[in-house]
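In what follows, a structure is listed as structure tokens, so that the remarks can point back to it.
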Amino acid sequence: MRLLATPSITTLIRALLAIVRGMNRASHIVCADCQGTICSLSQVFALVPTGAQGTYVNPHGAIHRTITLRGVDGGDLRLVGRYCAESSWFPGYAWRIAHCKGCGAHLGWRFRPAEPGQELDPPYFYGLTMSALLLDSASDEWVSRLLADTLHVDDAVAASRTESS
């Protein structure tokens, strides 16, 4: 993604602000495949000090950019299989696969304490794959366009500074 290869901190901040402004217009997270409602944006929270979004690699080498959610507001998720603590990205938690009820797409995982009676805060949460999600009826193209516009403005400013030097 071009955002990760930004040439300056100013460009990165502008791009992130553009994303946040776009999120302020949206109110729900939906399945990217069928647009079934998953939850309201108010469910997003930071489980770890680095924030609500993280990048994790599973034992098979698949990379997952995930976002953590407190709950799914009665959203369209179906849990599959049994809870498993092996290879959990979050110490003390076991995971279970979460699919979209509407289309069956893999959306991510639900996490709960690995040991019965173990008290963790939060007692459960979801880690959903960002590539499987959209904001409201927005599309990946909308986010890409938003980032491209933001990054293009910074590129143009940099080019004009280079020409005037």
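Following the order of the structure tokens, chains are lettered A, B, ..., residues in each are numbered from 1, and ligands are numbered from 1.
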Within 12 Å of A:Val80, counting only C-alpha atoms, which residues show up once you throw out same-chain ones fewer than 5 positions away? Write them as JSON, numbers by chain, please.
{"A": [95, 96, 97, 98, 99, 100, 101, 104, 105, 106, 107, 108, 109, 110]}
Do a neighbour search on A:Arg112 at 6 Å with only C-alpha atoms, toss out local chain neighbours closer than 5 positions, and write the hits as number ranges by chain.
A: 93-94, 124
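The gap separating atom CA of A:Cys39 from atom CA of A:Phe125 is 12.4 Å, in Å to one decimal.
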